[in-house]
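J.: Dropping the structure in here first, questions after.
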Amino acid sequence: MDKRSKIILGLFLAVLIGIIVTEIVRPKPLNWRPSYTSSDKIPFGCYILFNELPNLFPGQKIYTTSESLYNSLVDRDTTSASSYILINDFLDLDKQETNKLLQYVQDGNDTFIAASNFGTYLADTLNIEVETQYAIKEDTVQVYLTNNSFPKQRYPLNRGVYNTHFSSVDTLNTTVLGYISFNSEQEPLLSGSNEKTKGSNFVKVKFGKGHFYLNTTPQAFTNYYLLKGNKDYVAYALSYLKDMDLYWDNYKKSGRIVIDSPMRFILNQISLKWAYYLGMAGLLIFIIFKAKREQRIIPVITPLENSSIEFAKTVGGLYYEHRDFTDLIVKKINFFLEQIRSNYHLNTEAINEKTARDLASRSGKPLSEVKDLLDMIVNLKNKKYHSEQDVIQLNKKLNQFKK
């Protein structure tokens with residue numbers, strides 16, 4: 001690599017490192033997106049509320065459902081009563097889900113829903129209507145509860161909240177539990193007054209053996225307002241639910257991540273996104289430098305095979321097929337005597353007592369063992385015909401001597 005290429009590469013790496021450091025130290029902008037999921041810590045997430053549920057419902061089992069409402073209610077334990085909590089900015093249930101939820105409440109269970117819209121099918125069945133006024137100003141909305149057991153306190157909601165209240169309810173089956181107060185801006189204030197009006201935003205609707213608890217201000221249950229001092233409002237609102245198992249819906253959420261492709265998921269995660277960018281940059285650098293210098297392909301040389309084992313197996317197979325034990329014994333004896341001559345420098349023309357003593361002293365083997373081996377060799381050399389048993393015994397003696 002020449003000097004000019006090194007300078008260009010150094011500048012490129014410096015710029016790349018500068019971009020990475022800038023992205024790391026740059027403060028993240030606050031995300032005001034409505035989420036309502038149990039894992040989001042952004043202002044309009046429900047991380048705090050979900051983690052406080054064990055304190056609000058001590059001793060009760062809390063289940064998190066991450067599938068459709070219909071499947072969750074089908075798979076639940078029907079032997080015990082329970083409560084179902086749904087919190088989102090809009091709740092759009094189809095007819096099948098609505099019928100399943102209505103049957104769930106009719107059987108004696110409770111459902112708490114905090115949303116600015118409850119869907120057409122559910123609203124028609126419960127005979128309720130919701131009205132939203134989008135012209136209100138910030139710092140004009142306050143919510144409070146009607147129960148005399150609760151403190152007479154108003155809880156301000158000053159950001160991301162619209163005037164959403166019930167404009168019509170079924171008075172025979174509905175009990176108002178809370179109100180939302182707001183500035184009346186539907187008509188010009190000719191007198192210059194700024195008088196606040198109110199509408200019901202929290203009601204209890206009896207349905208069969210159970211109840212629906214409907215709240216039109218889901219923002220009050222988010223992280224932002226829980227940290228703003230409105231935690232008592234949430235605790236009092238949820239206190240209407242009975243002491244029984246609780247289901248937290250984590251599926252009908254605006255902030256639920258829907259992954260359509262692997263690239264969309266990677267680019268939505270900051271760490272994975274930068275890992276992807278670095279990988280692509282590294283690949284680009286590799287291609288640039290690889291194009292400038294290409295090495296000749298080194299051929300693969302196959303090592304020579306060791307055919308000694310195959311040869312020994314072939315020869316052994318031939319001897320086994322012909323059953324010529326005499327020839328095999330002669331070759332094994334001759335090979336052994338050649339080893340004695342080469343390794344121990346002994347004369348093997350005549351095998352006698354002196355040969356046995358010399359071999360024992362030079363090999364370090366017991367004299368009795370050496371005598372037995374040499375006697376067997378002399379005996380086999382004098383025999384005309386040999387059996388398979390002779391081969392086996394000779395082989396054992398030779399292997400014992402070689403150990």
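We name chains A, B, ... following the order of the structure tokens; residues begin at 1 in each chain, and ligands are numbered from 1 as shown.
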Neighbouring residues of region 365-382 of chain A were defined as those with any atom within 7 Å, considering only C-alpha atoms; residues of the same chain fewer than 3 positions away were excluded. Please report them as a ChimeraX atom specification.
T.: /A:333,356-357,360,397
J.: For the residues selected in the previous step, produce a file with C-alpha atoms as a tab-separated table (two decimals), in the first residue's frame.
T.:
chain	number	residue	atom	x	y	z
A	333	ILE	CA	10.36	-67.82	12.27
A	356	ALA	CA	19.32	-68.84	24.74
A	357	ARG	CA	21.66	-67.38	27.42
A	360	ALA	CA	18.29	-63.46	27.40
A	397	LYS	CA	5.14	-66.23	22.18
J.: Among region 13-67 of chain A, which ones does DSSP assign to helix (DSSP H, G or I) (computed from the backbone)? Answer as an MDAnalysis selection string.
T.: chainID A and resid 13:25 47:56
J.: Take the residues just selected and output them with C-alpha atoms as a PDB file, in the first residue's frame.
T.:
ATOM      1  CA  LEU A  13     -11.481   5.704   9.360  1.00  0.00           C
ATOM      2  CA  ALA A  14     -11.233   9.015  11.253  1.00  0.00           C
ATOM      3  CA  VAL A  15     -14.506  10.252   9.737  1.00  0.00           C
ATOM      4  CA  LEU A  16     -16.200   6.921  10.444  1.00  0.00           C
ATOM      5  CA  ILE A  17     -15.039   6.917  14.097  1.00  0.00           C
ATOM      6  CA  GLY A  18     -16.157  10.540  14.454  1.00  0.00           C
ATOM      7  CA  ILE A  19     -19.657   9.688  13.210  1.00  0.00           C
ATOM      8  CA  ILE A  20     -19.902   6.740  15.596  1.00  0.00           C
ATOM      9  CA  VAL A  21     -18.736   8.763  18.611  1.00  0.00           C
ATOM     10  CA  THR A  22     -21.140  11.584  17.733  1.00  0.00           C
ATOM     11  CA  GLU A  23     -24.061   9.183  17.552  1.00  0.00           C
ATOM     12  CA  ILE A  24     -23.100   7.598  20.877  1.00  0.00           C
ATOM     13  CA  VAL A  25     -22.720  10.832  22.879  1.00  0.00           C
ATOM     14  CA  TYR A  47     -43.684   0.023  31.987  1.00  0.00           C
ATOM     15  CA  ILE A  48     -44.274   1.515  35.467  1.00  0.00           C
ATOM     16  CA  LEU A  49     -47.904   0.428  35.718  1.00  0.00           C
ATOM     17  CA  PHE A  50     -47.159  -3.134  34.638  1.00  0.00           C
ATOM     18  CA  ASN A  51     -44.356  -3.494  37.174  1.00  0.00           C
ATOM     19  CA  GLU A  52     -46.561  -2.053  39.926  1.00  0.00           C
ATOM     20  CA  LEU A  53     -49.388  -4.537  39.330  1.00  0.00           C
ATOM     21  CA  PRO A  54     -48.019  -7.020  41.945  1.00  0.00           C
ATOM     22  CA  ASN A  55     -48.225  -4.211  44.527  1.00  0.00           C
ATOM     23  CA  LEU A  56     -51.728  -3.182  43.441  1.00  0.00           C
TER      24      LEU A  56
END
J.: In Å to one decimal, how far is CA of Gln269 (chain A) from CA of Phe286 (chain A)?
T.: 25.5 Å
J.: Can you pull out the residues contacting region 235-244 of chain A? Cut-off 8 Å, using only C-alpha atoms, and skip same-chain residues under 3 positions away; I want them as a count of residues only.
T.: 13
J.: For region 203-216 of chain A, list every protein, DNA or RNA residue within 8 Å, evaluated using only C-alpha atoms, and leave out those in the same chain fewer than 6 positions away; present the list as a short mmCIF file (atom, residue, chain, number, x, y, z; two decimals) with N, CA and C atoms, in the first residue's frame.
T.:
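That gives us part_1.cif:
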data_model
loop_
_atom_site.label_atom_id
_atom_site.label_comp_id
_atom_site.auth_asym_id
_atom_site.auth_seq_id
_atom_site.Cartn_x
_atom_site.Cartn_y
_atom_site.Cartn_z
N LEU A 102 -67.50 -10.29 25.47
CA LEU A 102 -68.82 -10.18 26.11
C LEU A 102 -69.18 -11.45 26.86
N VAL A 105 -67.19 -11.59 30.15
CA VAL A 105 -67.75 -10.76 31.23
C VAL A 105 -69.09 -11.32 31.70
N GLN A 106 -69.88 -11.80 30.80
CA GLN A 106 -71.19 -12.34 31.17
C GLN A 106 -71.06 -13.53 32.11
N ASP A 107 -69.97 -14.26 32.02
CA ASP A 107 -69.76 -15.43 32.88
C ASP A 107 -69.31 -15.06 34.29
N GLY A 108 -69.16 -13.77 34.57
CA GLY A 108 -68.81 -13.34 35.93
C GLY A 108 -67.43 -12.76 36.08
N ASN A 109 -66.75 -12.48 34.99
CA ASN A 109 -65.43 -11.87 35.03
C ASN A 109 -65.52 -10.37 34.79
N ASP A 110 -64.45 -9.64 35.10
CA ASP A 110 -64.42 -8.19 34.92
C ASP A 110 -63.40 -7.82 33.86
N THR A 111 -63.68 -6.71 33.17
CA THR A 111 -62.77 -6.20 32.15
C THR A 111 -62.59 -4.71 32.35
N PHE A 112 -61.33 -4.29 32.44
CA PHE A 112 -60.99 -2.87 32.56
C PHE A 112 -60.40 -2.41 31.24
N ILE A 113 -61.03 -1.41 30.63
CA ILE A 113 -60.58 -0.90 29.34
C ILE A 113 -60.35 0.60 29.47
N ALA A 114 -59.14 1.04 29.14
CA ALA A 114 -58.83 2.47 29.07
C ALA A 114 -58.46 2.79 27.63
N ALA A 115 -59.34 3.51 26.94
CA ALA A 115 -59.12 3.84 25.54
C ALA A 115 -60.01 5.01 25.17
N SER A 116 -59.62 5.74 24.14
CA SER A 116 -60.45 6.87 23.69
C SER A 116 -61.51 6.41 22.71
N ASN A 117 -61.45 5.15 22.31
CA ASN A 117 -62.48 4.60 21.43
C ASN A 117 -62.58 3.11 21.72
N LEU A 126 -72.98 -2.32 24.42
CA LEU A 126 -73.10 -1.70 25.74
C LEU A 126 -73.92 -0.41 25.71
N THR A 164 -62.00 13.65 25.84
CA THR A 164 -62.77 12.49 25.42
C THR A 164 -63.65 12.05 26.58
N HIS A 165 -64.96 12.02 26.35
CA HIS A 165 -65.88 11.66 27.42
C HIS A 165 -67.08 10.93 26.82
N PHE A 166 -67.87 10.33 27.69
CA PHE A 166 -69.07 9.62 27.25
C PHE A 166 -70.19 10.65 27.01
N ASN A 173 -77.88 0.29 33.34
CA ASN A 173 -76.79 -0.63 33.69
C ASN A 173 -75.46 0.06 33.94
N THR A 174 -75.43 1.39 33.88
CA THR A 174 -74.17 2.12 33.94
C THR A 174 -74.12 2.99 35.19
N THR A 175 -72.95 2.96 35.84
CA THR A 175 -72.69 3.81 37.01
C THR A 175 -71.47 4.67 36.70
N VAL A 176 -71.61 5.97 36.90
CA VAL A 176 -70.50 6.89 36.65
C VAL A 176 -69.53 6.85 37.83
N LEU A 177 -68.27 6.61 37.53
CA LEU A 177 -67.25 6.51 38.57
C LEU A 177 -66.28 7.68 38.54
N GLY A 178 -66.24 8.43 37.46
CA GLY A 178 -65.30 9.54 37.38
C GLY A 178 -65.66 10.50 36.27
#
J.: Quick one: distance from CA of Lys252 (chain A) to CA of Thr217 (chain A) in Å, one decimal?
T.: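 Interatomic distance here is 16.2 Å.
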J.: Let me make sure I understand: among A:Val234, A:Leu69, A:Val141, A:Val330, which one has the smallest atom-to-atom distance to Leu86 (chain A) if we use only C-alpha atoms?
T.: A:Leu69
J.: Work out how far CA of Lys100 (chain A) is from CA of Leu73 (chain A), in Å to one decimal.
T.: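 Separation of CA of Leu73 (chain A) and CA of Lys100 (chain A): 7.2 Å.
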